[in-house]
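Peer 1: Okay, handing you the structure first.
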Amino acid sequence: MPKILVTGGAGYIGSHTVHQLRAQDFEVIVADDLSNGHAASVPSEILHVCSLFDRAQLTSLMQTEQVDAVIHFAAFIAVGESTREPEKYFHNNTAGSISLFAAMADAGVNKLVFSSTAAVYGNPTEIPIPETAAINAVNPYGESKVMVEKVLDWLDATRGLRAIRLRYFNACGANNAAGLGERHDPETHLIPLILRAVRTGKPVTLFGDDYPTPDGTCVRDYVHVDDLASAHIAAVNHLLNGGASNVFNAGTGQGFSVKEVVTAVEKITGQSVPYIMGPRRDGDPAQLVADSSKLRQTLGWQPKFDTLESIIESAWVFEKQNLT
Ligand code: UDP
């Protein structure tokens, strides 16, 4: 079976993808600096603690292990933090990725699946958003990914690096059978924060109800992390079969407002959500909903979790099992 190097494999989406790759008999090794990831989320025998900036170590790892393709998750992900510390995002996400790509060139590995984001679209002019929509990031996190996407275009043209860029919408949910779920510290994402508010009774702050949306709160496309994992596997298979570079949105195509998420959580948990309505958060577009028809048609992707309730249910089971 092909051998895949997964960077950031101890993180949230990375660990779910590693689990699914191994279940499908891929050979997998993980490179993670454990700045945010959890060593316990991956089998210790496949974990290599390594920085994206250690080009020599990455090159030697890929050569020794005879890696066929790389899935690159390792990145900082908090939009709010990126507006306060932009250098941190351009350094780690952009420069760190370039260091990895240089190591891939040194090791002769020319297949890559890259974690991009719906944040590349900024405030989209059409909903649902096709991949052809204007690229116009409105926060440093999104821009750090736009830059990498541009670098990948050049590396395709100049070095023959074949890359699939997956622009994720809002990853959420858990794989409870595998003991995996969302464990960010600090947590900044809506669904785990709402579930935590239910469990602890401490209110969550909702960021603004004066957006131009039906109920005034932001609309997002919530996609289960295991469905994102399966999109990565479809993407890596496409490359291993000689497929060309491409870009795909990864979302369900359904949008839910922050208030609709609150209502769904109340339905699943049977408890009311304590919340405070606060001001807008910097850098938040009003609506982000994927047109994911290209991913479905080209790679045959089909999300298994097709209701918001089923996604929240999996996150709620995880939240109750992992009390901190
Ligand atoms: N959100 C919120 N309160 C929070 C965290 C998030 O109201 O404590 C809102 C946020 O403004 C956005 C949506 O929930 O409209 C999803 O935000 P999240 O940070 O989960 O993901 P993002 O869309 O930034 O990738």
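By order of appearance in the structure tokens: chains A, B, ..., then residues from 1 within every chain, and ligands from 1 in the order shown.
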As a ChimeraX atom specification, please: every protein or nucleic acid residue near ligand 1 (cut-off 7 Å, counting only C-alpha atoms and all ligand atoms).

Peer 2: /A:79,169-170,188-191,193,204-208,217-220,258,280-281,284

Peer 1: So that I can check the surroundings of Lys259 in chain A, please list as a ChimeraX atom specification every protein, DNA and RNA residue that reaches within 10 Å of it, counting only C-alpha atoms and ignoring chain neighbours fewer than 2 positions away.

Peer 2: /A:206,209,215-219,256-257,261-265

Peer 1: Go through A:Tyr222, A:Trp316, A:Phe90, A:Trp301 and flag the residue nearest Asn237 in chain A, using only C-alpha atoms for the distances.

Peer 2: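 Smallest distance to Asn237 in chain A is found for A:Trp301.
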
Peer 1: Name the residues in contact with Ile129 in chain A at a cut-off of 8 Å, using only C-alpha atoms, excluding same-chain residues fewer than 3 positions from it; report them as a ChimeraX atom specification.

Peer 2: /A:124,126,133,288-291

Peer 1: Point out the residue among A:Val236, A:Leu180, A:Met104, A:Val225 with the least atom-to-atom distance to Asn322 in chain A, counting only C-alpha atoms.

Peer 2: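 Closest to Asn322 in chain A of all the choices is A:Leu180.
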
Peer 1: With only C-alpha atoms counted and 12 Å as the cut-off, give the residues of range 111-218 of chain A in contact with range 13-27 of chain A, each with its shortest interatomic distance in Å and the pair that gives it, as JSON lines.

Peer 2:
{"residue": "A:Val113", "atom": "CA", "partner": "A:Gly14", "partner_atom": "CA", "distance": 11.7}
{"residue": "A:Phe114", "atom": "CA", "partner": "A:Gly14", "partner_atom": "CA", "distance": 11.4}
{"residue": "A:Ser115", "atom": "CA", "partner": "A:Ile13", "partner_atom": "CA", "distance": 9.6}
{"residue": "A:Tyr168", "atom": "CA", "partner": "A:Ile13", "partner_atom": "CA", "distance": 10.4}
{"residue": "A:Asn170", "atom": "CA", "partner": "A:Ile13", "partner_atom": "CA", "distance": 11.1}
{"residue": "A:Ala171", "atom": "CA", "partner": "A:Ile13", "partner_atom": "CA", "distance": 7.7}
{"residue": "A:Cys172", "atom": "CA", "partner": "A:Ile13", "partner_atom": "CA", "distance": 9.0}
{"residue": "A:Gly173", "atom": "CA", "partner": "A:Ile13", "partner_atom": "CA", "distance": 10.1}
{"residue": "A:Ala174", "atom": "CA", "partner": "A:His16", "partner_atom": "CA", "distance": 8.4}
{"residue": "A:Asn175", "atom": "CA", "partner": "A:His16", "partner_atom": "CA", "distance": 7.3}
{"residue": "A:Asn176", "atom": "CA", "partner": "A:His16", "partner_atom": "CA", "distance": 10.5}
{"residue": "A:Ala177", "atom": "CA", "partner": "A:His19", "partner_atom": "CA", "distance": 10.8}
{"residue": "A:Ala178", "atom": "CA", "partner": "A:His19", "partner_atom": "CA", "distance": 7.7}
{"residue": "A:Gly179", "atom": "CA", "partner": "A:His16", "partner_atom": "CA", "distance": 9.7}
{"residue": "A:Leu180", "atom": "CA", "partner": "A:His16", "partner_atom": "CA", "distance": 6.8}
{"residue": "A:Gly181", "atom": "CA", "partner": "A:His16", "partner_atom": "CA", "distance": 8.0}
{"residue": "A:Glu182", "atom": "CA", "partner": "A:Ile13", "partner_atom": "CA", "distance": 8.5}
{"residue": "A:Arg183", "atom": "CA", "partner": "A:Ile13", "partner_atom": "CA", "distance": 10.7}
{"residue": "A:His184", "atom": "CA", "partner": "A:Ile13", "partner_atom": "CA", "distance": 11.2}

Peer 1: Suppose we keep N, CA, C and O atoms; can you now write the selection as a CSV table (one decimal), in the first residue's frame?

Peer 2:
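Written out: part.csv:
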chain,number,residue,atom,x,y,z
A,113,VAL,N,-1.7,16.8,-0.7
A,113,VAL,CA,-3.1,17.2,-0.5
A,113,VAL,C,-2.9,18.4,0.6
A,113,VAL,O,-2.3,18.1,1.6
A,114,PHE,N,-3.5,19.5,0.3
A,114,PHE,CA,-3.2,20.7,1.1
A,114,PHE,C,-4.6,21.2,1.8
A,114,PHE,O,-5.6,21.3,1.1
A,115,SER,N,-4.5,21.5,3.1
A,115,SER,CA,-5.6,22.0,3.8
A,115,SER,C,-5.8,23.5,3.5
A,115,SER,O,-5.1,24.3,4.1
A,168,TYR,N,-11.8,23.8,3.1
A,168,TYR,CA,-12.8,23.4,4.1
A,168,TYR,C,-13.7,24.5,4.5
A,168,TYR,O,-13.3,25.6,4.7
A,170,ASN,N,-16.8,24.6,7.7
A,170,ASN,CA,-16.6,24.5,9.2
A,170,ASN,C,-16.6,23.0,9.7
A,170,ASN,O,-17.6,22.4,9.8
A,171,ALA,N,-15.3,22.6,10.0
A,171,ALA,CA,-15.1,21.2,10.4
A,171,ALA,C,-15.7,21.1,11.8
A,171,ALA,O,-15.5,21.9,12.7
A,172,CYS,N,-16.4,20.0,12.1
A,172,CYS,CA,-17.0,19.8,13.4
A,172,CYS,C,-17.3,18.3,13.6
A,172,CYS,O,-17.2,17.5,12.6
A,173,GLY,N,-17.7,17.9,14.8
A,173,GLY,CA,-18.1,16.5,15.1
A,173,GLY,C,-16.9,15.7,15.6
A,173,GLY,O,-15.8,16.2,15.8
A,174,ALA,N,-17.2,14.4,15.8
A,174,ALA,CA,-16.2,13.5,16.5
A,174,ALA,C,-16.3,12.1,15.9
A,174,ALA,O,-17.4,11.8,15.4
A,175,ASN,N,-15.3,11.3,16.1
A,175,ASN,CA,-15.3,9.9,15.9
A,175,ASN,C,-15.2,9.2,17.2
A,175,ASN,O,-14.1,9.0,17.7
A,176,ASN,N,-16.3,9.0,17.9
A,176,ASN,CA,-16.3,8.5,19.2
A,176,ASN,C,-15.8,7.1,19.3
A,176,ASN,O,-15.2,6.7,20.3
A,177,ALA,N,-16.0,6.3,18.3
A,177,ALA,CA,-15.5,4.9,18.3
A,177,ALA,C,-14.0,4.9,18.4
A,177,ALA,O,-13.4,4.0,19.0
A,178,ALA,N,-13.4,5.9,17.8
A,178,ALA,CA,-11.9,6.0,17.8
A,178,ALA,C,-11.4,6.8,18.9
A,178,ALA,O,-10.2,7.0,19.1
A,179,GLY,N,-12.3,7.4,19.7
A,179,GLY,CA,-11.9,8.3,20.8
A,179,GLY,C,-11.3,9.6,20.4
A,179,GLY,O,-10.5,10.2,21.0
A,180,LEU,N,-11.7,10.0,19.2
A,180,LEU,CA,-11.2,11.2,18.6
A,180,LEU,C,-12.3,12.3,18.5
A,180,LEU,O,-13.4,12.0,18.3
A,181,GLY,N,-11.9,13.6,18.7
A,181,GLY,CA,-12.8,14.7,18.6
A,181,GLY,C,-12.1,16.0,18.7
A,181,GLY,O,-10.9,16.0,18.6
A,182,GLU,N,-12.8,17.1,18.9
A,182,GLU,CA,-12.2,18.4,18.9
A,182,GLU,C,-11.7,18.8,20.2
A,182,GLU,O,-12.5,18.8,21.2
A,183,ARG,N,-10.4,19.0,20.3
A,183,ARG,CA,-9.7,19.3,21.6
A,183,ARG,C,-8.8,20.5,21.4
A,183,ARG,O,-7.6,20.4,21.7
A,184,HIS,N,-9.3,21.6,20.9
A,184,HIS,CA,-8.4,22.8,20.8
A,184,HIS,C,-8.3,23.4,22.2
A,184,HIS,O,-9.2,23.4,23.0

Peer 1: Please report, as a list of chain:residue names, each residue of range 102-228 of chain A to which DSSP assigns strand (DSSP E) when run on this structure's backbone.

Peer 2: A:Lys111, A:Leu112, A:Val113, A:Phe114, A:Ser115, A:Ser116, A:Thr117, A:Arg162, A:Ala163, A:Ile164, A:Arg165, A:Leu166, A:Arg167, A:Tyr168, A:Asn170, A:Ala171, A:Cys172, A:Val204, A:Thr205, A:Leu206, A:Phe207, A:Val219, A:Arg220, A:Tyr222, A:Val223, A:His224

Peer 1: Just to be explicit: take each residue in the selection above, keep N, CA and C atoms, and write the result as a compact mmCIF listing (two decimals), in the first residue's frame.

Peer 2:
# COMPACT_ATOMS: atom_id res chain seq x y z
N LYS A 111 3.50 14.59 -4.72
CA LYS A 111 2.04 14.53 -4.59
C LYS A 111 1.65 15.09 -3.22
N LEU A 112 0.69 16.01 -3.22
CA LEU A 112 0.35 16.73 -1.99
C LEU A 112 -1.15 16.98 -1.91
N VAL A 113 -1.72 16.75 -0.73
CA VAL A 113 -3.08 17.25 -0.46
C VAL A 113 -2.93 18.35 0.58
N PHE A 114 -3.47 19.52 0.28
CA PHE A 114 -3.25 20.70 1.12
C PHE A 114 -4.55 21.18 1.75
N SER A 115 -4.49 21.46 3.07
CA SER A 115 -5.63 22.01 3.81
C SER A 115 -5.77 23.48 3.51
N SER A 116 -6.69 23.82 2.61
CA SER A 116 -7.00 25.23 2.45
C SER A 116 -8.32 25.51 3.17
N THR A 117 -8.92 26.62 2.88
CA THR A 117 -10.04 27.06 3.71
C THR A 117 -11.02 27.93 2.93
N ARG A 162 2.18 17.86 -7.95
CA ARG A 162 0.73 17.74 -8.14
C ARG A 162 0.04 17.91 -6.79
N ALA A 163 -0.85 18.88 -6.71
CA ALA A 163 -1.47 19.20 -5.41
C ALA A 163 -2.98 19.32 -5.54
N ILE A 164 -3.68 18.73 -4.59
CA ILE A 164 -5.12 18.95 -4.45
C ILE A 164 -5.31 19.87 -3.26
N ARG A 165 -5.95 20.99 -3.50
CA ARG A 165 -6.25 21.94 -2.42
C ARG A 165 -7.70 21.74 -2.02
N LEU A 166 -7.92 21.43 -0.75
CA LEU A 166 -9.29 21.27 -0.25
C LEU A 166 -9.63 22.50 0.59
N ARG A 167 -10.63 23.24 0.14
CA ARG A 167 -11.05 24.44 0.90
C ARG A 167 -12.17 24.03 1.85
N TYR A 168 -11.78 23.84 3.13
CA TYR A 168 -12.76 23.36 4.11
C TYR A 168 -13.69 24.47 4.51
N ASN A 170 -16.81 24.56 7.71
CA ASN A 170 -16.62 24.47 9.16
C ASN A 170 -16.56 23.02 9.65
N ALA A 171 -15.35 22.56 9.95
CA ALA A 171 -15.14 21.20 10.44
C ALA A 171 -15.73 21.06 11.84
N CYS A 172 -16.43 19.97 12.08
CA CYS A 172 -16.98 19.75 13.43
C CYS A 172 -17.33 18.29 13.59
N VAL A 204 -22.03 31.04 26.62
CA VAL A 204 -21.17 31.26 25.46
C VAL A 204 -21.57 32.62 24.88
N THR A 205 -20.58 33.35 24.34
CA THR A 205 -20.90 34.63 23.70
C THR A 205 -21.11 34.38 22.21
N LEU A 206 -22.23 34.85 21.67
CA LEU A 206 -22.48 34.75 20.24
C LEU A 206 -22.07 36.08 19.61
N PHE A 207 -21.34 35.95 18.49
CA PHE A 207 -20.69 37.14 17.92
C PHE A 207 -21.56 37.85 16.89
N VAL A 219 -24.03 32.76 8.98
CA VAL A 219 -24.39 31.44 8.41
C VAL A 219 -23.11 30.72 7.99
N ARG A 220 -23.02 29.44 8.40
CA ARG A 220 -21.85 28.63 8.06
C ARG A 220 -22.30 27.25 7.58
N TYR A 222 -21.50 23.52 8.11
CA TYR A 222 -20.85 22.65 9.09
C TYR A 222 -20.71 21.25 8.50
N VAL A 223 -19.45 20.79 8.40
CA VAL A 223 -19.18 19.50 7.75
C VAL A 223 -18.46 18.59 8.75
N HIS A 224 -18.92 17.32 8.81
CA HIS A 224 -18.35 16.40 9.80
C HIS A 224 -16.90 16.09 9.48

Peer 1: Looking at A:Glu187, A:Asp156, A:Glu260, A:Asp106, which one is nearest to Leu308 in chain A, with distances taken over only C-alpha atoms?

Peer 2: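 Of the candidates, the smallest distance to Leu308 in chain A is held by A:Glu260.
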